[in-house]
$ cat structure19.cif   # mmCIF, C-alpha atoms and all ligand atoms
data_target
loop_
_atom_site.label_atom_id
_atom_site.label_comp_id
_atom_site.auth_asym_id
_atom_site.auth_seq_id
_atom_site.Cartn_x
_atom_site.Cartn_y
_atom_site.Cartn_z
CA MET N 1 -24.98 -4.04 -17.62
CA ILE N 2 -21.32 -4.38 -18.50
CA TYR N 3 -20.66 -1.33 -16.39
CA LEU N 4 -22.36 -2.99 -13.45
CA ARG N 5 -20.49 -6.25 -13.88
CA LEU N 6 -17.31 -4.28 -13.92
CA LEU N 7 -18.34 -2.58 -10.73
CA PHE N 8 -18.91 -5.90 -9.04
CA LEU N 9 -15.54 -7.14 -10.16
CA VAL N 10 -13.97 -4.10 -8.62
CA PHE N 11 -15.94 -4.58 -5.44
CA PHE N 12 -15.20 -8.21 -4.98
CA PHE N 13 -11.69 -8.44 -6.25
CA GLY N 14 -10.37 -4.90 -6.30
CA ALA N 15 -10.02 -4.87 -2.55
CA TYR N 16 -7.48 -7.62 -2.73
CA SER N 17 -5.26 -5.83 -5.16
CA LEU N 18 -2.80 -3.51 -3.53
CA ASN N 19 -2.87 -1.04 -6.37
CA ALA N 20 -6.60 -0.45 -6.05
CA GLN N 21 -6.10 0.22 -2.34
CA ASN N 22 -9.77 -0.25 -1.65
CA LEU N 23 -10.73 -1.87 1.60
CA ARG N 24 -13.99 -3.56 2.48
CA VAL N 25 -14.69 -2.85 6.13
CA ASN N 26 -17.65 -4.27 8.00
CA VAL N 27 -19.00 -1.37 10.08
CA PHE N 28 -21.18 -1.62 13.18
CA SER N 29 -19.69 -5.11 13.32
CA GLN N 30 -20.41 -5.57 17.02
CA THR N 31 -24.17 -5.30 16.69
CA LYS N 32 -26.88 -7.25 14.96
CA ILE N 33 -28.70 -4.55 13.02
CA GLY N 34 -32.45 -4.88 12.55
CA SER N 35 -33.20 -1.62 10.75
CA LEU N 36 -31.40 1.40 9.46
CA LYS N 37 -31.99 5.02 8.55
CA VAL N 38 -29.47 6.70 6.27
CA ASP N 39 -29.26 10.45 5.59
CA ALA N 40 -27.36 11.90 2.65
CA LEU N 41 -25.43 14.63 4.41
CA ASN N 42 -23.20 15.72 1.62
CA GLY N 43 -23.36 15.21 -2.16
CA SER N 44 -25.25 12.42 -3.85
CA TYR N 45 -25.22 8.66 -4.17
CA GLN N 46 -26.64 6.18 -6.66
CA LEU N 47 -28.57 3.18 -5.39
CA HIS N 48 -28.06 -0.09 -7.24
CA SER N 49 -29.15 -3.67 -6.81
CA ARG N 50 -27.41 -6.62 -8.44
CA ASN N 51 -29.79 -6.14 -11.37
CA GLY N 52 -29.11 -2.51 -11.99
CA TYR N 53 -29.80 1.08 -11.12
CA ILE N 54 -32.59 1.79 -8.63
CA ALA N 55 -32.60 5.51 -7.88
CA ASP N 56 -30.55 8.52 -6.88
CA PHE N 57 -30.14 9.47 -3.27
CA THR N 58 -29.22 13.11 -2.79
CA GLU N 59 -28.38 15.57 -0.06
CA GLY N 60 -31.29 16.12 2.32
CA GLN N 61 -32.98 12.78 1.52
CA SER N 62 -33.39 9.86 3.88
CA LEU N 63 -33.47 6.11 3.32
CA SER N 64 -35.26 3.64 5.50
CA ILE N 65 -34.06 0.05 5.36
CA TYR N 66 -35.25 -3.05 7.16
CA LEU N 67 -35.43 -6.79 6.56
CA ASN N 68 -38.86 -8.16 5.74
CA SER N 69 -40.08 -11.54 6.97
CA SER N 70 -38.39 -13.37 4.08
CA GLY N 71 -35.06 -11.70 4.76
CA LYS N 72 -35.17 -9.23 1.84
CA ILE N 73 -34.02 -5.65 2.17
CA HIS N 74 -37.08 -3.39 2.20
CA LEU N 75 -35.99 -0.03 0.84
CA SER N 76 -37.79 3.29 0.91
CA ARG N 77 -36.65 6.84 0.28
CA ASN N 78 -38.43 9.73 2.00
CA GLY N 79 -41.36 7.39 2.62
CA GLU N 80 -41.59 6.17 -1.02
CA PHE N 81 -41.20 2.39 -1.41
CA LEU N 82 -38.33 1.54 -3.81
CA GLY N 83 -38.42 -2.25 -3.76
CA LEU N 84 -37.16 -5.44 -2.13
CA TYR N 85 -33.55 -6.50 -2.66
CA ASP N 86 -30.97 -9.10 -1.69
CA THR N 87 -28.11 -6.66 -1.89
CA LEU N 88 -28.11 -2.89 -2.04
CA LEU N 89 -25.19 -0.84 -3.27
CA MET N 90 -24.77 2.85 -2.52
CA LEU N 91 -22.24 4.47 -4.80
CA GLN N 92 -20.66 7.83 -4.15
CA SER N 93 -20.80 10.47 -6.92
CA SER N 94 -17.64 12.13 -5.69
CA HIS N 95 -15.13 11.15 -3.03
CA LEU N 96 -16.28 14.05 -0.83
CA ASP N 97 -19.77 12.58 -0.42
CA TYR N 98 -20.72 11.02 2.87
CA LEU N 99 -23.69 9.54 4.68
CA ASN N 100 -25.04 9.44 8.20
CA PHE N 101 -26.03 5.97 9.45
CA LYS N 102 -28.57 5.59 12.24
CA PRO N 103 -29.01 1.88 12.94
CA ARG N 104 -31.24 0.11 15.42
CA SER N 105 -30.28 -3.23 16.86
CA LYS N 106 -32.53 -6.26 16.39
CA SER N 107 -33.89 -5.60 19.85
CA SER N 108 -34.75 -2.08 18.64
CA LEU N 109 -32.02 -0.34 20.62
CA LYS N 110 -30.94 2.91 18.99
CA LEU N 111 -27.19 2.92 18.25
CA LYS N 112 -25.12 6.06 18.13
CA ALA N 113 -25.19 7.53 14.62
CA ARG N 114 -21.95 7.54 12.64
CA GLN N 115 -20.88 9.23 9.42
CA TYR N 116 -19.07 7.34 6.68
CA GLU N 117 -17.61 8.23 3.31
CA GLY N 118 -16.97 5.83 0.44
CA ASP N 119 -19.32 3.27 -1.10
CA PHE N 120 -21.51 0.77 0.71
CA GLU N 121 -22.83 -2.71 0.22
CA ILE N 122 -25.80 -3.63 2.34
CA SER N 123 -26.96 -7.20 2.59
CA SER N 124 -28.70 -9.60 4.88
CA ILE N 125 -26.48 -11.97 6.84
CA ARG N 126 -27.95 -14.44 9.32
CA ASN N 127 -31.15 -12.44 9.44
CA SER N 128 -29.56 -9.09 10.29
CA ILE N 129 -28.33 -6.21 8.17
CA ALA N 130 -24.62 -6.20 7.32
CA ILE N 131 -23.01 -2.96 6.18
CA VAL N 132 -19.71 -3.08 4.30
CA ASN N 133 -17.98 0.23 3.69
CA ILE N 134 -15.81 0.19 0.57
CA ILE N 135 -13.21 2.85 1.05
CA PHE N 136 -9.74 3.95 -0.02
CA THR N 137 -7.14 2.83 2.48
CA GLU N 138 -5.91 6.38 3.03
CA SER N 139 -9.44 7.63 3.84
CA TYR N 140 -10.05 4.64 6.10
CA LEU N 141 -6.86 5.53 7.98
CA LYS N 142 -8.24 8.94 8.98
CA GLY N 143 -11.12 7.24 10.77
CA VAL N 144 -8.79 4.67 12.33
CA LEU N 145 -6.37 7.27 13.65
CA ALA N 146 -9.17 9.32 15.18
CA SER N 147 -10.62 6.16 16.79
CA GLU N 148 -7.34 4.56 17.90
CA ALA N 149 -5.20 7.57 18.82
CA GLY N 150 -7.75 10.31 19.47
CA ILE N 151 -7.76 13.74 17.93
CA ARG N 152 -5.20 15.58 20.04
CA CYS N 153 -1.86 14.04 19.10
CA ALA N 154 1.10 15.69 17.43
CA LYS N 155 1.64 15.23 13.69
CA GLU N 156 4.77 13.14 14.20
CA TYR N 157 2.79 10.71 16.33
CA TYR N 158 0.08 10.44 13.67
CA LYS N 159 2.77 9.56 11.15
CA VAL N 160 3.84 6.66 13.36
CA GLN N 161 0.28 5.47 13.88
CA ALA N 162 -0.57 5.89 10.17
CA ILE N 163 2.29 3.61 9.12
CA ILE N 164 1.42 1.02 11.74
CA SER N 165 -2.28 1.00 10.89
CA ARG N 166 -1.65 0.99 7.14
CA THR N 167 0.73 -1.96 7.58
CA PHE N 168 -1.81 -3.71 9.79
CA ALA N 169 -4.54 -3.29 7.16
CA GLY N 170 -2.30 -4.84 4.49
CA ASN N 171 -1.16 -7.68 6.76
CA ASN N 172 -4.72 -8.55 7.77
CA LYS N 173 -6.69 -8.03 4.62
CA PHE N 174 -7.69 -11.70 4.50
CA LYS N 175 -8.71 -11.84 8.13
CA HIS N 176 -12.42 -11.79 7.27
CA SER N 177 -12.31 -12.86 3.64
CA GLU N 178 -14.68 -15.78 4.24
CA GLU N 179 -17.28 -13.31 5.43
CA GLY N 180 -16.87 -11.17 2.31
CA PHE N 181 -14.88 -8.25 3.69
CA ASN N 182 -11.31 -7.43 4.65
CA LEU N 183 -11.52 -5.99 8.14
CA CYS N 184 -14.07 -5.39 10.86
CA ASP N 185 -14.34 -2.02 12.61
CA ALA N 186 -13.67 -3.34 16.14
CA VAL N 187 -10.43 -3.76 18.11
CA HIS N 188 -10.32 -7.33 16.75
CA CYS N 189 -8.94 -5.56 13.66
CA GLN N 190 -8.62 -1.80 14.17
CA ALA N 191 -11.18 0.56 15.69
CA TYR N 192 -12.86 2.55 12.90
CA PHE N 193 -15.85 4.55 14.01
CA GLY N 194 -16.53 6.53 10.88
CA ARG N 195 -15.12 9.41 8.90
CA TYR N 196 -12.84 11.82 10.66
CA GLN N 197 -14.91 14.90 11.49
CA GLY N 198 -12.30 16.97 13.29
CA GLU N 199 -10.27 19.78 11.83
CA SER N 200 -6.80 18.78 12.99
CA LEU N 201 -4.42 19.21 10.10
CA ASP N 202 -1.90 17.18 12.09
CA LEU N 203 -3.95 14.02 11.68
CA THR N 204 -4.56 14.43 7.96
CA SER N 205 -0.99 15.53 7.19
CA GLY N 206 0.37 12.67 9.30
CA ILE N 207 -1.34 10.35 6.82
CA LYS N 208 -0.54 12.37 3.69
CA GLU N 209 3.14 12.81 4.51
CA THR N 210 3.61 9.06 4.96
CA TYR N 211 1.45 8.19 1.94
CA GLY N 212 1.71 4.48 1.08
CA GLN N 213 4.49 3.78 3.61
CA VAL N 214 4.44 0.45 5.44
CA LEU N 215 6.84 -1.58 7.57
CA VAL N 216 8.63 -4.65 6.20
CA ASP N 217 11.53 -6.76 7.46
CA SER N 218 14.97 -6.93 5.88
CA ASN N 219 13.74 -9.59 3.40
CA GLN N 220 10.86 -7.40 2.27
CA ASN N 221 8.38 -9.61 4.14
CA SER N 222 5.41 -7.89 5.71
CA PHE N 223 6.12 -6.88 9.31
CA PRO N 224 3.42 -7.56 11.90
CA THR N 225 2.51 -4.34 13.68
CA PHE N 226 0.98 -4.42 17.14
CA PHE N 227 0.51 -1.62 19.60
CA SER N 228 -0.74 -1.06 23.12
CA ALA N 229 -1.18 1.91 25.42
CA ASN N 230 1.83 1.51 27.71
CA CYS N 231 4.37 -1.33 27.96
CA GLY N 232 5.28 -0.60 31.59
CA GLY N 233 8.95 0.00 30.80
CA GLN N 234 9.62 -3.35 29.15
CA SER N 235 7.99 -4.65 26.00
CA ALA N 236 6.36 -8.07 26.08
CA GLU N 237 7.16 -10.94 23.71
CA THR N 238 4.37 -12.31 21.57
CA ASP N 239 4.29 -15.77 23.20
CA GLN N 240 3.59 -14.12 26.55
CA VAL N 241 0.27 -12.96 25.17
CA TRP N 242 -0.53 -15.32 22.35
CA ASN N 243 0.72 -18.83 21.65
CA HIS N 244 3.37 -18.10 19.10
CA LEU N 245 6.72 -16.39 19.19
CA LEU N 246 7.49 -13.83 16.51
CA PRO N 247 11.26 -13.48 16.32
CA ASN N 248 11.11 -9.76 15.62
CA TYR N 249 9.50 -9.13 18.95
CA LEU N 250 12.27 -9.68 21.46
CA SER N 251 11.63 -7.87 24.69
CA HIS N 252 13.40 -4.54 25.16
CA ASN N 253 13.42 -1.83 27.79
CA ASP N 254 11.51 1.40 27.30
CA THR N 255 12.38 4.33 29.52
CA PHE N 256 10.09 6.70 27.59
CA CYS N 257 6.85 5.46 29.11
CA ILE N 258 7.69 5.01 32.79
CA HIS N 259 6.54 8.44 33.96
CA THR N 260 3.47 8.76 31.77
CA ARG N 261 -0.22 8.65 32.69
CA GLN N 262 -0.76 4.90 32.49
CA ALA N 263 2.69 3.85 33.73
CA ASN N 264 1.49 2.40 37.06
CA TRP N 265 -1.62 0.84 38.52
CA GLU N 266 -2.74 -0.82 41.76
CA LYS N 267 -5.52 -3.24 42.47
CA TYR N 268 -6.65 -5.11 45.59
CA ILE N 269 -7.97 -8.64 45.19
CA PRO N 270 -9.36 -10.69 48.12
CA LYS N 271 -6.81 -13.41 48.95
CA LYS N 272 -9.60 -15.97 48.85
CA GLU N 273 -10.54 -15.13 45.26
CA LEU N 274 -6.99 -15.38 43.98
CA LEU N 275 -6.38 -18.67 45.81
CA ASN N 276 -9.68 -20.12 44.60
CA PHE N 277 -8.91 -19.19 41.04
CA ILE N 278 -5.50 -20.86 40.90
CA SER N 279 -6.49 -23.95 42.88
CA LYS N 280 -9.60 -24.52 40.80
CA ASN N 281 -8.07 -23.90 37.39
CA TYR N 282 -4.47 -25.05 37.85
CA PHE N 283 -4.71 -27.43 40.84
CA PHE N 284 -2.28 -25.28 42.77
CA ASP N 285 -2.03 -26.55 46.36
CA VAL N 286 -3.24 -23.68 48.57
CA SER N 287 -3.60 -25.78 51.72
CA LYS N 288 -0.04 -25.09 52.88
CA LYS N 289 1.13 -21.72 54.11
CA LYS N 290 4.44 -21.91 52.22
CA TYR N 291 2.56 -22.17 48.91
CA ARG N 292 0.13 -19.40 49.83
CA ASP N 293 3.13 -17.21 50.65
CA LEU N 294 4.49 -17.82 47.15
CA VAL N 295 1.22 -16.46 45.77
CA PHE N 296 1.07 -13.40 48.02
CA ASN N 297 4.71 -12.43 47.49
CA PHE N 298 5.08 -12.99 43.76
CA THR N 299 7.30 -10.35 42.17
CA GLN N 300 8.36 -9.34 38.67
CA GLU N 301 11.55 -7.37 38.33
CA GLY N 302 11.44 -8.02 34.61
CA ARG N 303 8.44 -9.29 32.66
CA LYS N 304 7.56 -12.91 33.28
CA THR N 305 5.23 -15.20 31.36
CA PHE N 306 3.99 -17.33 34.25
CA PHE N 307 2.76 -16.65 37.76
CA ILE N 308 5.12 -17.84 40.56
CA HIS N 309 7.10 -20.31 38.40
CA PRO N 310 6.64 -21.79 34.92
CA SER N 311 6.40 -25.30 36.44
CA TYR N 312 2.96 -24.46 37.91
CA GLY N 313 1.67 -23.60 34.44
CA ILE N 314 -0.32 -20.49 35.43
CA PRO N 315 0.00 -17.97 32.56
CA LEU N 316 -0.09 -14.37 33.72
CA ARG N 317 -2.33 -13.56 30.75
CA ASP N 318 -5.00 -15.82 32.33
CA LEU N 319 -4.83 -13.83 35.58
CA ARG N 320 -5.02 -10.62 33.60
CA SER N 321 -8.24 -11.62 31.91
CA ALA N 322 -9.82 -13.29 34.96
CA PHE N 323 -9.23 -10.30 37.25
CA LYS N 324 -9.47 -7.63 34.52
CA LEU N 325 -5.97 -6.34 35.19
CA ARG N 326 -4.48 -3.53 33.15
CA SER N 327 -1.42 -5.63 32.33
CA THR N 328 0.38 -8.87 33.20
CA TYR N 329 3.37 -6.92 34.53
CA PHE N 330 2.62 -6.79 38.28
CA SER N 331 3.95 -7.86 41.67
CA CYS N 332 1.96 -8.95 44.74
CA GLU N 333 2.01 -7.94 48.38
CA PRO N 334 -0.26 -9.28 51.17
CA VAL N 335 -2.34 -6.60 52.92
CA GLY N 336 -4.76 -8.03 55.53
CA ASP N 337 -7.19 -10.38 53.81
CA LYS N 338 -6.34 -8.92 50.42
CA VAL N 339 -3.46 -9.01 47.98
CA LEU N 340 -2.25 -5.71 46.64
CA LEU N 341 -1.19 -5.92 43.00
CA ARG N 342 1.16 -3.18 41.91
CA GLY N 343 1.35 -3.16 38.15
CA ARG N 344 3.07 -1.36 35.32
CA GLY N 345 1.72 -0.42 31.92
CA PHE N 346 -1.63 -0.85 30.23
CA GLY N 347 -2.34 -3.37 27.48
CA HIS N 348 -0.44 -6.36 26.12
CA GLY N 349 2.83 -4.44 25.83
CA ILE N 350 3.81 -5.78 22.40
CA GLY N 351 5.07 -3.55 19.62
CA LEU N 352 4.50 0.17 19.73
CA CYS N 353 4.03 1.62 23.20
CA GLN N 354 1.70 4.54 22.48
CA GLU N 355 2.60 6.60 25.54
CA GLY N 356 6.31 5.94 25.05
CA ALA N 357 6.04 7.00 21.41
CA MET N 358 4.18 10.20 22.38
CA GLU N 359 6.95 11.00 24.87
CA MET N 360 9.57 10.40 22.16
CA VAL N 361 7.70 12.85 19.93
CA ARG N 362 7.73 15.38 22.76
CA LEU N 363 11.50 14.91 23.12
CA GLY N 364 11.99 15.62 19.41
CA PHE N 365 12.44 12.15 17.89
CA ASP N 366 11.03 11.77 14.39
CA TYR N 367 8.68 9.01 13.27
CA LYS N 368 11.45 6.96 11.70
CA ALA N 369 13.43 6.87 14.94
CA ILE N 370 10.30 5.90 16.87
CA LEU N 371 9.42 3.07 14.50
CA ALA N 372 13.02 1.83 14.61
CA PHE N 373 12.92 1.85 18.42
CA TYR N 374 9.68 -0.14 18.76
CA PHE N 375 9.81 -2.34 15.65
CA ARG N 376 13.34 -3.64 15.65
CA GLY N 377 14.50 -5.16 12.42
CA SER N 378 11.84 -3.30 10.43
CA LYS N 379 12.30 -0.85 7.59
CA LEU N 380 9.97 1.36 5.58
CA SER N 381 8.73 0.33 2.19
CA LEU N 382 6.12 1.66 -0.21
CA ILE N 383 2.87 -0.06 -1.11
CA GLY N 384 3.21 -0.92 -4.76
CA THR N 385 6.72 -2.29 -4.38
CA GLN N 386 6.96 -6.05 -3.97
CA ILE N 387 6.03 -7.07 -0.43
CA ASN N 388 6.05 -10.78 0.31
CA HIS N 389 3.04 -12.40 1.97
CA TRP N 390 0.69 -9.51 1.25
ZN ZN N 401 -11.84 -8.13 12.76
ZN ZN N 402 6.63 1.62 26.93
#

$ encode --input "structure19.cif" --output "structure tokens"
Amino acid sequence: MIYLRLLFLVFFFGAYSLNAQNLRVNVFSQTKIGSLKVDALNGSYQLHSRNGYIADFTEGQSLSIYLNSSGKIHLSRNGEFLGLYDTLLMLQSSHLDYLNFKPRSKSSLKLKARQYEGDFEISSIRNSIAIVNIIFTESYLKGVLASEAGIRCAKEYYKVQAIISRTFAGNNKFKHSEEGFNLCDAVHCQAYFGRYQGESLDLTSGIKETYGQVLVDSNQNSFPTFFSANCGGQSAETDQVWNHLLPNYLSHNDTFCIHTRQANWEKYIPKKELLNFISKNYFFDVSKKKYRDLVFNFTQEGRKTFFIHPSYGIPLRDLRSAFKLRSTYFSCEPVGDKVLLRGRGFGHGIGLCQEGAMEMVRLGFDYKAILAFYFRGSKLSLIGTQINHW
């Protein structure tokens, strides 16, 4: 019993201590799960409820989990009923053990199976099954890097991404604390689609060789780390995308990303649609030709925050989301009854430019030089040393 209480203390509070370096990550966070099958693929787990040990769950066995009509977790193993529970814990016997999760949504849609390592807490939240994966930060990072950067990058790039993602996890560990976990597995936090199954030593050594390293500012305050695919040759400032200005994110030029895959884009939009959108939402007067011409001939030599002129109050980020544009960094040109948008970059353009960083790696820059280029005013620190605001 004492052992169990201790376990709960570790689960609920350990995640918030930096030394424990355990994270609670809500997985399959984008779906309401109605039922779940779990296979023990490697090693063995112990199943516990809040009242104690239930059973072992070993390699080759399968669990079936669903919520009964009173919202309890109905648990069976290889067809044998094991009981009804409020919360179910699955505890790893060794850190190499992992499970395969095959959930179905509440509308019975089969979701793609994913493998996870670490421990799990399964509970019922708002009448669907919530899965929290309790995992060491460094193991979580493997899954994040594979999901966010893919599996074909160079080791030096993985080092950059590992430091950014590790810093992000520390900076955002209270983002979901009211819901009982640290981070979700979606882009809202960082994409994390399960344990890394590839064999690239570059990814794993990128994490190992930067073990515990995070970015801080000169006062040892945590440094916010953002990244996007391609900044279009000039990084954006945070108030161009969100509502607040972070002083460390002054715009700077980036010549490393201007000849890469996602450097440029084009999109045609019917003139009518664009005019309708800005007249309806911002009361822009489209009845006069001289105003329509301003719309059709808008240009950006350098990144702007507003369309046409700040006095009209039309944020470019609104156009980006309304017309699903790759970036806010575009210029217009009238072509018949359409407007041709010629844009640069992909994503919000703040912080690390992934394609620029990959090009820097190709040119021989090391991860420290890359981080210094994209996160100005930052320096490396180690988890475990005093970091303010963590
Ligand atoms: Zn989140
Ligand atoms: Zn860039």

$ residues_around --input "structure19.cif" --residues "Gln262 (chain N)" --least-positions-apart "5" --cutoff "8 Å" --atoms "only C-alpha atoms" --output "PyMOL selection string"
chain N and resi 229-230+344-346+355

$ closest_atom_pairs --input "structure19.cif" --of "chain N" --to "ligand ZN 402 (chain N)" --cutoff "6 Å" --atoms "only C-alpha atoms and all ligand atoms" --output "CSV"
residue,atom,partner,partner_atom,distance
N:Asn230,CA,N:ZN402,ZN,4.9
N:Cys231,CA,N:ZN402,ZN,3.9
N:Gly232,CA,N:ZN402,ZN,5.3
N:Gly233,CA,N:ZN402,ZN,4.8
N:Asp254,CA,N:ZN402,ZN,4.9
N:Cys257,CA,N:ZN402,ZN,4.4
N:Cys353,CA,N:ZN402,ZN,4.5
N:Gly356,CA,N:ZN402,ZN,4.7

$ write_last_selection --input "structure19.cif" --atoms "C-alpha atoms" --output "PDB file, in the frame of the given file"
ATOM      1  CA  ASN N 230       1.830   1.510  27.710  1.00  0.00           C
ATOM      2  CA  CYS N 231       4.370  -1.330  27.960  1.00  0.00           C
ATOM      3  CA  GLY N 232       5.280  -0.600  31.590  1.00  0.00           C
ATOM      4  CA  GLY N 233       8.950   0.000  30.800  1.00  0.00           C
ATOM      5  CA  ASP N 254      11.510   1.400  27.300  1.00  0.00           C
ATOM      6  CA  CYS N 257       6.850   5.460  29.110  1.00  0.00           C
ATOM      7  CA  CYS N 353       4.030   1.620  23.200  1.00  0.00           C
ATOM      8  CA  GLY N 356       6.310   5.940  25.050  1.00  0.00           C
TER       9      GLY N 356
END

$ residues_near_ligand --input "structure19.cif" --ligand "ligand ZN 401 (chain N)" --cutoff "6 Å" --atoms "all atoms listed in the file" --output "ChimeraX atom specification"
/N:183-184,188-189

$ write_last_selection --input "structure19.cif" --atoms "C-alpha atoms" --output "PDB file, keeping the file's coordinate frame"
ATOM      1  CA  LEU N 183     -11.520  -5.990   8.140  1.00  0.00           C
ATOM      2  CA  CYS N 184     -14.070  -5.390  10.860  1.00  0.00           C
ATOM      3  CA  HIS N 188     -10.320  -7.330  16.750  1.00  0.00           C
ATOM      4  CA  CYS N 189      -8.940  -5.560  13.660  1.00  0.00           C
TER       5      CYS N 189
END

$ closest_residue --input "structure19.cif" --among "N:Arg317, N:Lys37, N:His259, N:Lys267" --to "Thr238 (chain N)" --atoms "only C-alpha atoms"
N:Arg317

$ closest_residue --input "structure19.cif" --among "N:Leu341, N:Ala169, N:Leu99, N:Ile131" --to "Leu23 (chain N)" --atoms "all atoms listed in the file"
N:Ala169

$ atom_distance --input "structure19.cif" --atom1 "CA of Gln92 (chain N)" --atom2 "CA of Tyr116 (chain N)"
11.0 Å

$ closest_residue --input "structure19.cif" --among "N:Ile33, N:Ile163, N:Met360, N:Val241" --to "Leu111 (chain N)" --atoms "only C-alpha atoms"
N:Ile33

$ residues_around --input "structure19.cif" --residues "region 284-287 of chain N" --least-positions-apart "6" --cutoff "12 Å" --atoms "all atoms listed in the file" --output "count of residues only"
19

$ axis_aligned_box --input "structure19.cif" --around "region 291-294 of chain N" --padding-each-side "6 Å" --output "JSON"
{"center_x": 2.3, "center_y": -19.7, "center_z": 48.9, "size_x": 16.4, "size_y": 17.0, "size_z": 15.5}

$ decode --input "structure19.cif" --residues "region 143-148 of chain N" --atoms "all heavy atoms" --output "JSON list (two decimals), in the first residue's frame"
[["chain", "number", "residue", "atom", "x", "y", "z"],
["N", 143, "GLY", "N", 10.49, 10.18, -29.89],
["N", 143, "GLY", "CA", 9.22, 10.18, -30.61],
["N", 143, "GLY", "C", 8.91, 11.55, -31.21],
["N", 143, "GLY", "O", 8.40, 11.64, -32.32],
["N", 144, "VAL", "N", 9.24, 12.60, -30.47],
["N", 144, "VAL", "CA", 8.98, 13.95, -30.98],
["N", 144, "VAL", "C", 9.83, 14.24, -32.21],
["N", 144, "VAL", "O", 9.34, 14.76, -33.21],
["N", 144, "VAL", "CB", 9.25, 15.01, -29.89],
["N", 144, "VAL", "CG1", 9.21, 16.42, -30.46],
["N", 144, "VAL", "CG2", 8.25, 14.88, -28.76],
["N", 145, "LEU", "N", 11.11, 13.89, -32.14],
["N", 145, "LEU", "CA", 11.99, 14.18, -33.27],
["N", 145, "LEU", "C", 11.54, 13.43, -34.52],
["N", 145, "LEU", "O", 11.54, 13.98, -35.62],
["N", 145, "LEU", "CB", 13.44, 13.84, -32.93],
["N", 145, "LEU", "CG", 14.29, 15.03, -32.51],
["N", 145, "LEU", "CD1", 13.68, 15.81, -31.38],
["N", 145, "LEU", "CD2", 15.71, 14.62, -32.18],
["N", 146, "ALA", "N", 11.15, 12.16, -34.34],
["N", 146, "ALA", "CA", 10.69, 11.40, -35.50],
["N", 146, "ALA", "C", 9.41, 12.02, -36.06],
["N", 146, "ALA", "O", 9.23, 12.08, -37.28],
["N", 146, "ALA", "CB", 10.46, 9.94, -35.10],
["N", 147, "SER", "N", 8.52, 12.52, -35.18],
["N", 147, "SER", "CA", 7.26, 13.08, -35.64],
["N", 147, "SER", "C", 7.44, 14.49, -36.21],
["N", 147, "SER", "O", 6.79, 14.86, -37.17],
["N", 147, "SER", "CB", 6.24, 13.16, -34.50],
["N", 147, "SER", "OG", 6.13, 11.93, -33.83],
["N", 148, "GLU", "N", 8.30, 15.29, -35.61],
["N", 148, "GLU", "CA", 8.43, 16.69, -36.01],
["N", 148, "GLU", "C", 9.46, 16.90, -37.12],
["N", 148, "GLU", "O", 9.33, 17.83, -37.90],
["N", 148, "GLU", "CB", 8.84, 17.57, -34.80],
["N", 148, "GLU", "CG", 7.76, 17.75, -33.76],
["N", 148, "GLU", "CD", 6.73, 18.81, -34.15],
["N", 148, "GLU", "OE1", 6.76, 19.30, -35.30],
["N", 148, "GLU", "OE2", 5.89, 19.14, -33.31]]
